[in-house]
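Listing of my_file-v9.cif; format and content: mmCIF, C-alpha atoms.
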data_protein
loop_
_atom_site.label_atom_id
_atom_site.label_comp_id
_atom_site.auth_asym_id
_atom_site.auth_seq_id
_atom_site.Cartn_x
_atom_site.Cartn_y
_atom_site.Cartn_z
CA MET A 190 -88.55 -9.55 92.75
CA ALA A 191 -86.74 -7.22 90.37
CA ALA A 192 -88.72 -5.94 87.42
CA ALA A 193 -87.66 -7.27 84.02
CA ILE A 194 -85.84 -4.81 81.80
CA PHE A 195 -86.60 -5.00 78.10
CA ILE A 196 -84.17 -3.46 75.61
CA PHE A 197 -85.65 -2.73 72.22
CA LYS A 198 -83.13 -2.56 69.38
CA LYS A 199 -83.73 -0.56 66.25
CA PRO A 200 -84.14 -2.78 63.21
CA ALA A 201 -80.96 -2.90 61.15
CA VAL A 202 -80.91 -0.50 58.19
CA ARG A 203 -79.70 -2.11 54.99
CA THR A 204 -76.85 -0.31 53.25
CA PRO A 205 -76.29 -1.28 49.60
CA GLU A 206 -72.70 -2.17 48.76
CA PHE A 207 -70.80 -0.96 45.71
CA ILE A 208 -69.76 -3.06 42.70
CA GLU A 209 -66.13 -3.24 41.63
CA ARG A 210 -65.49 -1.53 38.32
CA GLN A 211 -64.22 -3.66 35.46
CA GLY A 212 -61.89 -3.10 32.52
CA SER A 213 -60.61 0.36 31.68
CA LEU A 214 -62.98 1.97 34.18
CA SER A 215 -61.00 0.38 37.00
CA ALA A 216 -57.70 1.88 35.84
CA GLY A 217 -56.29 5.14 37.15
CA LYS A 218 -56.40 7.22 40.28
CA GLU A 219 -60.04 8.24 39.94
CA TRP A 220 -61.39 4.79 40.79
CA ILE A 221 -58.82 4.35 43.56
CA ASN A 222 -59.96 7.62 45.15
CA THR A 223 -63.66 6.96 44.54
CA LYS A 224 -63.45 3.45 45.94
CA ALA A 225 -61.60 4.69 49.05
CA ALA A 226 -64.24 7.38 49.61
CA ILE A 227 -67.11 4.89 49.24
CA GLU A 228 -65.45 2.38 51.56
CA GLY A 229 -64.94 5.17 54.11
CA LEU A 230 -68.62 6.10 54.00
CA LEU A 231 -69.69 2.46 54.34
CA ALA A 232 -67.42 2.11 57.38
CA LYS A 233 -68.94 5.21 58.99
CA LEU A 234 -72.45 3.82 58.48
CA ARG A 235 -71.50 0.51 60.00
CA THR A 236 -70.19 2.38 63.06
CA ASN A 237 -73.09 4.83 63.20
CA PRO A 238 -76.23 3.81 61.30
CA ASP A 239 -77.81 7.18 62.15
CA ASP A 240 -75.15 9.16 60.25
CA GLN A 241 -77.46 10.70 57.65
CA LYS A 242 -74.75 12.94 56.20
CA SER A 243 -72.62 9.93 55.27
CA ARG A 244 -75.71 8.16 53.92
CA LEU A 245 -76.46 11.13 51.68
CA LEU A 246 -72.86 11.32 50.46
CA LEU A 247 -72.96 7.60 49.68
CA ALA A 248 -76.16 8.08 47.66
CA GLN A 249 -74.48 10.85 45.68
CA ALA A 250 -71.43 8.64 45.07
CA TYR A 251 -73.67 5.85 43.81
CA MET A 252 -75.50 8.25 41.49
CA GLN A 253 -72.16 9.22 39.96
CA GLU A 254 -71.14 5.56 39.67
CA GLY A 255 -74.33 4.91 37.72
CA ARG A 256 -73.40 7.71 35.36
CA VAL A 257 -69.78 6.56 34.94
CA THR A 258 -70.45 2.83 34.53
CA GLY A 259 -73.87 2.95 32.90
CA ASN A 260 -75.13 0.51 35.54
CA HIS A 261 -78.17 2.64 36.33
CA PRO A 262 -80.44 -0.30 37.26
CA TYR A 263 -78.26 -1.13 40.28
CA TYR A 264 -76.84 2.21 41.32
CA ASP A 265 -79.99 4.28 40.84
CA GLY A 266 -81.93 1.78 42.94
CA ALA A 267 -79.21 1.74 45.60
CA ALA A 268 -79.06 5.54 45.71
CA MET A 269 -82.86 5.84 45.94
CA GLU A 270 -82.90 3.35 48.82
CA LEU A 271 -80.34 5.46 50.70
CA LEU A 272 -82.18 8.70 49.96
CA GLU A 273 -85.47 7.30 51.23
CA GLN A 274 -83.71 6.38 54.47
CA VAL A 275 -82.40 9.93 54.81
CA LEU A 276 -85.78 11.48 54.05
CA LYS A 277 -87.55 9.19 56.48
CA SER A 278 -85.31 10.59 59.21
CA GLU A 279 -85.14 14.15 57.83
CA PRO A 280 -88.18 14.85 55.60
CA GLU A 281 -87.01 18.37 54.76
CA ASN A 282 -83.41 17.53 53.89
CA PHE A 283 -82.85 19.83 50.92
CA GLU A 284 -79.93 17.93 49.40
CA ALA A 285 -81.73 14.60 49.68
CA LEU A 286 -84.81 16.03 47.95
CA CYS A 287 -82.62 17.42 45.15
CA CYS A 288 -80.87 14.08 44.71
CA LYS A 289 -84.18 12.25 44.62
CA ALA A 290 -85.45 14.69 42.00
CA SER A 291 -82.29 14.16 39.96
CA LEU A 292 -82.72 10.38 40.14
CA CYS A 293 -86.32 10.68 38.98
CA LEU A 294 -85.16 12.69 35.96
CA THR A 295 -82.48 10.09 35.20
CA GLN A 296 -85.17 7.40 35.27
CA HIS A 297 -87.43 9.55 33.03
CA HIS A 298 -90.02 10.06 35.78
CA PHE A 299 -90.14 13.69 34.73
CA ALA A 300 -93.38 14.83 36.35
CA GLN A 301 -92.31 13.37 39.70
CA GLY A 302 -88.88 14.97 39.35
CA LEU A 303 -90.46 18.35 38.67
CA GLY A 304 -92.65 18.07 41.77
CA LEU A 305 -89.69 17.16 43.99
CA ALA A 306 -87.57 19.98 42.58
CA GLU A 307 -90.37 22.46 43.29
CA GLN A 308 -90.58 21.10 46.83
CA ALA A 309 -86.84 21.58 47.25
CA ARG A 310 -87.01 25.14 45.92
CA GLN A 311 -89.49 26.03 48.65
CA LEU A 312 -86.86 25.00 51.18
CA ASN A 313 -83.98 26.83 49.52
CA PRO A 314 -84.77 29.29 46.73
CA ASN A 315 -81.12 30.42 46.52
CA SER A 316 -79.60 27.21 45.19
CA GLY A 317 -78.23 27.09 41.67
CA PHE A 318 -78.51 23.29 41.65
CA VAL A 319 -82.25 23.27 42.25
CA TYR A 320 -82.77 25.68 39.34
CA GLY A 321 -80.80 23.26 37.16
CA LEU A 322 -83.20 20.50 38.10
CA LEU A 323 -86.16 22.75 37.40
CA THR A 324 -84.67 23.64 34.01
CA ASP A 325 -84.27 19.98 33.07
CA ALA A 326 -87.68 18.94 34.33
CA ASN A 327 -89.49 21.74 32.54
CA VAL A 328 -87.65 20.99 29.29
CA GLU A 329 -88.67 17.35 29.47
CA MET A 330 -92.28 18.24 30.21
CA GLY A 331 -92.27 20.66 27.27
CA HIS A 332 -92.56 23.82 29.38
CA TYR A 333 -89.85 25.68 27.46
CA GLU A 334 -90.59 29.24 28.54
CA GLU A 335 -90.45 28.18 32.19
CA ALA A 336 -87.23 26.25 31.50
CA ILE A 337 -85.61 29.42 30.15
CA LYS A 338 -86.62 31.33 33.30
CA MET A 339 -85.14 28.61 35.50
CA ALA A 340 -81.90 28.53 33.49
CA ASP A 341 -81.60 32.31 33.80
CA LYS A 342 -82.00 32.04 37.57
CA MET A 343 -79.41 29.27 37.70
CA ASN A 344 -76.88 31.41 35.87
CA ALA A 345 -77.67 34.40 38.08
CA VAL A 346 -77.07 32.34 41.23
CA ARG A 347 -74.04 30.35 40.11
CA PRO A 348 -72.71 30.44 36.54
CA ASP A 349 -70.70 27.23 36.10
CA LEU A 350 -70.32 24.20 33.84
CA ALA A 351 -73.82 22.88 34.58
CA ALA A 352 -75.43 26.29 34.09
CA TYR A 353 -73.71 27.00 30.77
CA ALA A 354 -74.58 23.51 29.48
CA ARG A 355 -78.26 24.10 30.13
CA VAL A 356 -78.17 27.44 28.34
CA SER A 357 -76.54 25.65 25.41
CA TYR A 358 -79.29 23.07 25.16
CA LEU A 359 -82.04 25.68 25.31
CA ARG A 360 -80.35 27.67 22.56
CA GLU A 361 -79.97 24.51 20.48
CA ILE A 362 -83.64 23.54 20.60
CA HIS A 363 -84.58 27.12 19.72
CA GLY A 364 -82.42 27.02 16.58
CA ASP A 365 -79.47 29.13 17.77
CA MET A 366 -76.64 26.73 16.95
CA PRO A 367 -73.79 29.30 17.14
CA GLY A 368 -75.09 30.40 20.54
CA ALA A 369 -75.41 26.78 21.68
CA ILE A 370 -71.82 26.06 20.68
CA GLN A 371 -70.59 29.20 22.44
CA ALA A 372 -72.34 28.28 25.69
CA MET A 373 -71.17 24.64 25.61
CA ASP A 374 -67.61 25.80 24.97
CA MET A 375 -67.91 27.99 28.08
CA ALA A 376 -69.16 24.95 29.99
CA VAL A 377 -66.13 22.89 28.94
CA LYS A 378 -63.74 25.66 29.96
CA ALA A 379 -65.45 25.97 33.35
CA GLY A 380 -64.77 22.29 34.19
CA TYR A 381 -61.70 20.38 35.34
CA ILE A 382 -60.02 18.55 32.47
CA GLY A 383 -60.45 14.78 32.68
CA LEU A 384 -63.39 14.69 35.09
CA GLU A 385 -66.37 12.75 33.77
CA GLN A 386 -68.67 15.78 33.89
CA THR A 387 -66.20 17.89 31.91
CA GLU A 388 -65.56 15.27 29.25
CA TRP A 389 -69.27 14.52 28.93
CA THR A 390 -69.66 18.23 28.22
CA ARG A 391 -66.79 18.18 25.72
CA VAL A 392 -68.49 15.30 23.90
CA ALA A 393 -71.74 17.31 23.91
CA LEU A 394 -69.82 20.19 22.31
CA GLY A 395 -68.50 17.78 19.70
CA HIS A 396 -72.03 16.65 18.93
CA LEU A 397 -73.16 20.24 18.47
CA TYR A 398 -70.43 20.62 15.85
CA GLU A 399 -71.67 17.38 14.27
CA VAL A 400 -75.26 18.54 13.89
CA SER A 401 -73.91 21.83 12.48
CA GLY A 402 -71.99 19.92 9.81
CA ASP A 403 -68.50 20.63 11.20
CA THR A 404 -67.14 17.10 11.55
CA ALA A 405 -63.53 18.30 11.81
CA ARG A 406 -64.15 20.21 15.04
CA ALA A 407 -66.37 17.42 16.31
CA HIS A 408 -63.56 14.95 15.70
CA GLY A 409 -61.09 17.17 17.56
CA ASN A 410 -63.30 17.34 20.64
CA TYR A 411 -63.80 13.58 20.73
CA LEU A 412 -60.06 12.99 20.44
CA MET A 413 -59.39 15.47 23.23
CA ALA A 414 -61.95 13.81 25.53
CA LEU A 415 -60.38 10.42 24.83
CA ALA A 416 -56.86 11.73 25.42
CA VAL A 417 -57.64 13.11 28.88
CA ARG A 418 -60.07 10.33 29.82
CA PRO A 419 -58.82 7.14 28.13
CA GLY A 420 -61.49 4.68 27.12
CA TYR A 421 -64.32 7.20 27.59
CA ALA A 422 -67.28 5.43 26.00
CA TYR A 423 -69.12 8.50 24.75
CA ALA A 424 -66.00 9.87 23.06
CA LEU A 425 -65.52 6.49 21.37
CA ALA A 426 -69.12 6.62 20.15
CA GLY A 427 -68.51 10.14 18.83
CA LEU A 428 -65.50 8.91 16.87
CA GLY A 429 -67.71 6.08 15.64
CA ARG A 430 -70.15 8.59 14.19
CA ILE A 431 -67.30 10.46 12.49
CA ALA A 432 -66.11 7.17 10.97
CA ALA A 433 -69.67 6.55 9.78
CA ALA A 434 -69.69 10.02 8.20
CA GLY A 435 -66.79 8.85 6.06
CA LYS A 436 -68.61 5.56 5.38
CA ASP A 437 -65.88 3.63 7.20
CA TYR A 438 -68.39 1.28 8.76
CA PRO A 439 -65.93 -1.38 10.01
CA LYS A 440 -64.09 1.29 12.01
CA ALA A 441 -67.36 2.77 13.30
CA ILE A 442 -68.57 -0.67 14.39
CA LYS A 443 -65.29 -1.39 16.19
CA LEU A 444 -65.47 1.91 18.08
CA TYR A 445 -69.07 1.30 19.16
CA GLN A 446 -68.19 -2.22 20.25
CA GLN A 447 -65.43 -0.75 22.43
CA ALA A 448 -67.90 1.72 23.94
CA ARG A 449 -70.37 -1.09 24.74
CA ILE A 450 -67.72 -3.09 26.58
CA THR A 451 -67.06 -0.12 28.88
CA VAL A 452 -70.53 1.27 29.61
CA LYS A 453 -73.97 -0.31 29.63
CA ASP A 454 -76.00 2.00 27.40
CA TYR A 455 -78.74 0.73 25.12
CA ALA A 456 -77.98 3.60 22.71
CA PHE A 457 -74.77 1.88 21.64
CA ALA A 458 -76.65 -1.27 20.61
CA ASP A 459 -79.23 0.92 18.89
CA GLU A 460 -76.61 2.73 16.80
CA LEU A 461 -74.84 -0.54 16.04
CA THR A 462 -78.12 -1.77 14.55
CA ASP A 463 -77.91 0.97 11.91
CA LEU A 464 -74.18 0.48 11.33
CA TYR A 465 -74.56 -3.26 10.72
CA ARG A 466 -77.35 -2.60 8.22
CA LEU A 467 -75.29 0.03 6.43
CA SER A 468 -72.35 -2.36 6.24
CA GLY A 469 -74.47 -5.14 4.75
CA GLN A 470 -74.74 -7.35 7.84
CA PRO A 471 -78.51 -7.81 8.30
CA ALA A 472 -78.21 -10.75 10.71
CA GLU A 473 -76.00 -8.74 13.07
CA ALA A 474 -78.34 -5.77 12.71
CA ASP A 475 -81.32 -7.90 13.73
CA LYS A 476 -79.36 -9.26 16.70
CA MET A 477 -78.51 -5.74 17.90
CA ALA A 478 -82.08 -4.55 17.41
CA LYS A 479 -83.36 -7.40 19.58
CA GLU A 480 -80.73 -6.66 22.20
CA SER A 481 -81.81 -3.01 22.30
CA ILE A 482 -85.44 -4.01 22.76
CA ASP A 483 -84.58 -6.51 25.50
CA MET A 484 -82.57 -3.91 27.44
CA LEU A 485 -85.32 -1.32 27.16
CA ALA A 486 -88.10 -3.79 27.93
CA ASP A 487 -86.32 -4.88 31.11
CA ALA A 488 -86.10 -1.24 32.22
CA ALA A 489 -89.76 -0.64 31.38
CA LYS A 490 -90.83 -3.74 33.33
CA GLU A 491 -88.92 -2.50 36.36
CA ALA A 492 -90.75 0.82 36.06
CA ASP A 493 -94.12 -0.98 35.85
CA ASP A 494 -93.29 -3.11 38.89
CA ASN A 495 -92.01 -0.20 40.96
CA GLU A 496 -93.88 3.08 40.66
CA GLN A 497 -90.97 5.06 42.09
CA MET A 498 -88.02 3.49 40.30
CA GLY A 499 -87.31 1.95 36.93
CA HIS A 500 -86.56 3.67 33.65
CA TYR A 501 -89.53 4.83 31.58
CA ALA A 502 -88.28 3.81 28.14
CA ASP A 503 -91.33 4.04 25.92
CA ARG A 504 -89.96 6.68 23.55
CA GLU A 505 -86.80 4.64 23.04
CA LEU A 506 -88.86 1.46 22.59
CA ALA A 507 -90.93 3.15 19.89
CA TYR A 508 -87.79 3.75 17.82
CA ALA A 509 -86.42 0.29 18.59
CA TYR A 510 -89.59 -1.37 17.34
CA LEU A 511 -89.45 0.69 14.14
CA LYS A 512 -86.10 -0.96 13.42
CA THR A 513 -87.68 -4.40 13.67
CA ASN A 514 -90.67 -3.22 11.61
CA GLU A 515 -93.10 -3.88 14.49
CA LEU A 516 -95.17 -0.81 13.75
CA ASP A 517 -98.07 -1.55 16.08
CA LYS A 518 -95.75 -1.90 19.07
CA ALA A 519 -93.90 1.25 18.03
CA LEU A 520 -97.16 3.22 18.02
CA GLU A 521 -98.24 1.70 21.33
CA HIS A 522 -95.11 2.91 23.10
CA ALA A 523 -95.06 6.28 21.37
CA LYS A 524 -98.62 6.89 22.60
CA ILE A 525 -97.70 5.91 26.17
CA GLU A 526 -94.88 8.47 26.17
CA TYR A 527 -97.12 11.09 24.57
CA GLU A 528 -99.69 10.65 27.33
CA ARG A 529 -96.98 11.42 29.90
CA ARG A 530 -95.70 14.60 28.26
CA PRO A 531 -97.67 15.80 25.24
CA ASP A 532 -95.93 19.18 25.07
CA ASN A 533 -92.39 17.86 24.63
CA ILE A 534 -91.04 18.43 21.10
CA ASP A 535 -88.99 15.20 21.02
CA VAL A 536 -92.03 13.13 21.98
CA ASN A 537 -94.05 14.80 19.23
CA GLU A 538 -91.26 14.06 16.75
CA THR A 539 -91.41 10.41 17.80
CA MET A 540 -95.18 10.29 17.26
CA ALA A 541 -94.75 11.96 13.86
CA TRP A 542 -92.07 9.54 12.71
CA VAL A 543 -93.93 6.43 13.85
CA LEU A 544 -97.07 7.63 12.06
CA TYR A 545 -95.03 8.43 8.94
CA LYS A 546 -93.66 4.88 8.89
CA ARG A 547 -97.24 3.62 9.18
CA GLY A 548 -98.30 5.73 6.19
CA GLN A 549 -100.54 7.99 8.29
CA TYR A 550 -99.20 11.22 6.82
CA PRO A 551 -101.84 13.80 7.87
CA GLU A 552 -101.61 12.62 11.49
CA ALA A 553 -97.81 12.64 11.27
CA GLN A 554 -97.83 16.23 10.06
CA LYS A 555 -99.99 17.29 13.01
CA TYR A 556 -97.40 16.06 15.50
CA MET A 557 -94.46 17.31 13.44
CA GLN A 558 -95.82 20.86 13.57
CA VAL A 559 -95.67 20.69 17.36
CA ALA A 560 -92.20 19.14 17.24
CA ARG A 561 -90.92 22.09 15.21
CA ARG A 562 -92.54 24.82 17.27
CA THR A 563 -89.31 25.94 19.00
CA GLY A 564 -87.47 26.42 15.71
CA SER A 565 -84.93 23.62 16.16
CA LYS A 566 -82.50 23.14 13.27
CA ASN A 567 -81.56 19.58 14.13
CA PRO A 568 -80.87 17.93 10.74
CA VAL A 569 -82.67 14.69 11.62
CA LEU A 570 -85.80 16.61 12.65
CA LEU A 571 -85.66 18.72 9.48
CA GLY A 572 -85.17 15.65 7.29
CA ARG A 573 -88.12 13.85 8.82
CA ALA A 574 -90.26 16.98 8.57
CA GLY A 575 -89.32 17.27 4.90
CA LEU A 576 -90.27 13.68 4.14
CA ILE A 577 -93.67 14.15 5.77
CA LEU A 578 -94.31 17.37 3.86
CA THR A 579 -93.55 15.71 0.52
CA LYS A 580 -96.10 13.01 1.34
CA MET A 581 -98.59 15.78 2.04
CA GLY A 582 -98.00 17.20 -1.45
CA LYS A 583 -95.87 20.15 -0.29
CA MET A 584 -92.97 19.15 -2.52
CA ALA A 585 -90.95 22.38 -2.67
CA GLU A 586 -91.05 23.01 1.09
CA GLY A 587 -90.35 19.38 1.90
CA GLN A 588 -87.47 19.00 -0.53
CA ALA A 589 -85.85 22.19 0.76
CA LEU A 590 -85.82 20.75 4.27
CA ILE A 591 -84.46 17.41 3.03
CA GLU A 592 -81.67 19.15 1.10
CA ASN A 593 -80.78 21.19 4.18
CA SER A 594 -80.67 18.04 6.30
CA LEU A 595 -78.53 16.06 3.87
CA LYS A 596 -76.14 18.94 3.29
CA THR A 597 -75.53 19.29 7.02
CA ALA A 598 -75.27 15.73 8.34
CA PRO A 599 -76.63 12.93 6.13
CA TYR A 600 -74.98 10.14 8.15
CA LEU A 601 -76.87 11.01 11.35
CA ASN A 602 -80.02 9.36 10.04
CA ALA A 603 -79.66 6.66 7.43
CA GLU A 604 -83.40 6.46 6.75
CA VAL A 605 -83.74 10.16 5.98
CA GLU A 606 -80.67 9.97 3.76
CA ALA A 607 -81.96 6.97 1.81
CA GLU A 608 -85.53 8.20 1.37
CA GLY A 609 -84.49 11.81 0.86
CA LYS A 610 -82.05 10.96 -1.93
CA LYS A 611 -84.75 8.94 -3.72
CA LEU A 612 -87.13 11.90 -3.60
CA LEU A 613 -84.50 14.41 -4.74
CA ALA A 614 -83.38 12.11 -7.57
CA ALA A 615 -86.97 11.80 -8.79
CA ARG A 616 -87.43 15.54 -9.26
#
For this file, write the structure as C-alpha cells.
Amino acid sequence: MAAAIFIFKKPAVRTPEFIERQGSLSAGKEWINTKAAIEGLLAKLRTNPDDQKSRLLLAQAYMQEGRVTGNHPYYDGAAMELLEQVLKSEPENFEALCCKASLCLTQHHFAQGLGLAEQARQLNPNSGFVYGLLTDANVEMGHYEEAIKMADKMNAVRPDLAAYARVSYLREIHGDMPGAIQAMDMAVKAGYIGLEQTEWTRVALGHLYEVSGDTARAHGNYLMALAVRPGYAYALAGLGRIAAAGKDYPKAIKLYQQARITVKDYAFADELTDLYRLSGQPAEADKMAKESIDMLADAAKEADDNEQMGHYADRELAYAYLKTNELDKALEHAKIEYERRPDNIDVNETMAWVLYKRGQYPEAQKYMQVARRTGSKNPVLLGRAGLILTKMGKMAEGQALIENSLKTAPYLNAEVEAEGKKLLAAR
C-alpha cells in the first residue's frame, strides 16, 4: 500500500489594497503613474507572495499615499502590516526597519521610532536617510544637541532636500530665522518642482516667512506651490492664513474648507474653529471644535487599542479642549504627553499654556522657561511667554515679548493678540 503524501500549504499572506483617490487628487499624471506602480506591485505579490522587495516597495508607496491624501489611519496601518511581513521574513532588512521607524514617528510614537532608527543605524551607519530619522526622533524627544549631531552627519553623507530641511528646522527652534530661511530655500531648490515633497518644503519656507513677519514672500511661496501642484491643501491653508492676516475671514474660511475637502487633516478643522470665532460665527466654531476633538479622539483610541499603531494625539487634544473650555481634559492630555517626552520644548509650551488658561501662573512659568530654552523666536511662543510673565508681575519683560509677538505676526494666535492688546492698552 502506497504511503499517503501530505502537502502543507503556507497560509495566505494578506496584502492590503489601495483606495482610489478622489477629487483633485485623482487628476493628473502623478496619480496615473502612482496607481500603475501600485497595481504592478500588487500583481507581483499575487504571483509571488514571497517577493519581499515588492512588499517593501508597496509599503513605501502606501506611506506616501498617506502623506498625500491625509488618510493616515488606513495607509499607515496598511504599510505597517506589510513591513511586519517583511521583517518577519528578513529581521535585519535595513530599509524595512527605517520605514517602520518613519511610520512610528508619523504616528507620534517617538521613543519607539528612535529605538528602531538606532537599530537600523547599527546595520548601516553610512545612510543619510537613517540620520534623518535620528534627527527627527531626537528633536521630538527633546534631545536637541544629539539632533544637531545627527543632522550634521546627514548633510555630510548626502546633502539634499531632506537634509537641508532638517537643518532649517533646527536653526528655527534655536532662534536663527535668517539661517532657517536660507536652509529651507536650499531644500526647495534641491527638489523637483511639483513633487509633493518639494511643494511641502516650499510651503514650509512660506511659513518661515510668515513667522518672520514677511507675509508678502509667504504669499508668493504659497501661490507658487499651488501653481505647480494645483489644489495642494497645505498651500491653500497657507493662503488662508494670509487672508486671515488681512482680516478677510470669509476668504480664509473658504480656502480652509477647500483644503479640508482634499486632505484629511485635523489641523484644518482646528484652524477653522478660530476663523469662525473671529468672523462672529460661534455655532460654526463650536461645531469645528467638536469635529477636531472627535478626529483626535478616534486616533488616540486606536493608539490605546494597538500599542504599535495609532496616532498619539494628546498634545493636539490638549489644545482642542482649550477651545471648548474643558480645562480639566486639556490638562489631562497635556500631562500624558509630558510624561512621554518631558524634554521637548513644544510639549512644555503646551503645559505652560494649559496652566495659564487655568490661572496657575507660577506653574505655567516653570514650563515656559523650559519651552524657551533653545532661544526660539516663534511669535506665538513669545506672546504666550509674555502673557505669563505679566501675570507673574514682570510687566516690562512680559510686555516687551507681547509687543514683539504682535509686531511680527498677530494673526497667528488670536488669543495672544486679544489678551496682549488689552494688557498693552492698560499701560
Running the PyMOL selection byres ((chain A and resi 527-529) around 9) on this model by hand, what would come out? Give it as an NGL selection string. :A and (299-300 or 330 or 504 or 522-526 or 530-533 or 536-537 or 539-540)
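Put simply, CA of Ser594 in chain A is 14.3 Å away from CA of Thr579 in chain A.
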Reference answer for the PyMOL selection byres ((chain A and resi 305) around 12), as a PyMOL selection string: chain A and resi 280-294+298-304+306-312+319-320+322-323+326
Separation of CA of His297 in chain A from CA of Lys242 in chain A in Å: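 Computing it gives 26.6 Å between the two atoms.
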Interatomic distance, CA of Ala448 in chain A to CA of Arg418 in chain A (Å, one decimal): 13.0 Å
Answer key for the PyMOL selection byres ((chain A and resi 600) around 9), residues as a list in words: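 Checking the PyMOL selection byres ((chain A and resi 600) around 9) against this file, the residues are Arg430, Ile431, Ala433, Ala434, Gly435, Lys436, Leu595, Ala598, Pro599, Leu601, Asn602, Ala603 and Glu606 of chain A.
Shown here are all protein and nucleic acid residues lying within 12 Å of (-62.2, 3.2, 45.9), with only C-alpha atoms considered: A:Phe207, A:Ile208, A:Glu209, A:Arg210, A:Leu214, A:Ser215, A:Ala216, A:Gly217, A:Lys218, A:Glu219, A:Trp220, A:Ile221, A:Asn222, A:Thr223, A:Lys224, A:Ala225, A:Ala226, A:Ile227, A:Glu228, A:Gly229, A:Leu230, A:Leu231, A:Ala250, A:Tyr251, A:Glu254.
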Within 12 Å of Gln274 in chain A, counting only C-alpha atoms, which residues qualify if same-chain residues fewer than 4 places away don't, as number ranges by chain? A: 201-205, 238-245, 247-248, 267-270, 278-280, 282, 285-286, 289
Could you pull the residues within 7 Å of range 462-472 of chain A, counting all atoms listed in the file, minus those fewer than 6 positions along the same chain, as number ranges by chain? A: 438, 442, 478
Write the selection just made, keeping C-alpha atoms, as a CSV table (one decimal), in the frame of the given file?
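So selection-v4.csv came out as:
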chain,number,residue,atom,x,y,z
A,438,TYR,CA,-68.4,1.3,8.8
A,442,ILE,CA,-68.6,-0.7,14.4
A,478,ALA,CA,-82.1,-4.6,17.4
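Nearest residue to Arg360 in chain A, choosing from A:Gly427, A:Thr563, A:Lys453, A:Pro568 and counting only C-alpha atoms: A:Thr563.
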Which residue gives the smallest distance to Ala456 in chain A among A:Tyr353, A:Ala553, A:Gly259, A:Thr404, with only C-alpha atoms counted?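 Comparing A:Tyr353, A:Ala553, A:Gly259, A:Thr404 against Ala456 in chain A, the winner is A:Gly259.
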Which of A:Glu480, A:Glu206, A:Glu592, A:Glu361 sits closest to Lys611 in chain A [using all atoms listed in the file]: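 Using all atoms listed in the file, Lys611 in chain A sits closest to A:Glu592.
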Considering only C-alpha atoms, state which residue in the set A:His500, A:Arg347, A:Arg547, A:Lys566 is at the smallest distance from Asn514 in chain A.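 Smallest separation from Asn514 in chain A among the options: A:Arg547.
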Counting all atoms listed in the file, which of A:Ala351, A:Leu520, A:Ala232, A:Ile482 gets nearest to Leu506 in chain A? A:Ile482
Might you pull out every residue within 12 Å of Asp483 in chain A, with only C-alpha atoms counted and same-chain residues fewer than 5 positions away left off, and present them as a PyMOL selection string? chain A and resi 455+458-459+476-478+488-490+502+505-506+509-510
Using all atoms listed in the file, which of the listed residues (A:Ala614, A:Leu397, A:Glu608, A:Asp454) sits closest to Asp365 in chain A?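 Checking each of A:Ala614, A:Leu397, A:Glu608, A:Asp454 against Asp365 in chain A, counting all atoms listed in the file, the winner is A:Leu397.
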Please provide the set of residues having any atom within 9 Å of Leu359 in chain A, restricted to all atoms listed in the file, with same-chain residues fewer than 6 positions apart removed, written as an MDAnalysis selection string. chainID A and resid 328 333 336:337 340 365 369
Residues within 12 Å of (-72.5, 31.4, 18.5), file coords, all atoms listed in the file, listed as a ChimeraX atom specification: /A:357,360-361,364-375,397-398,401
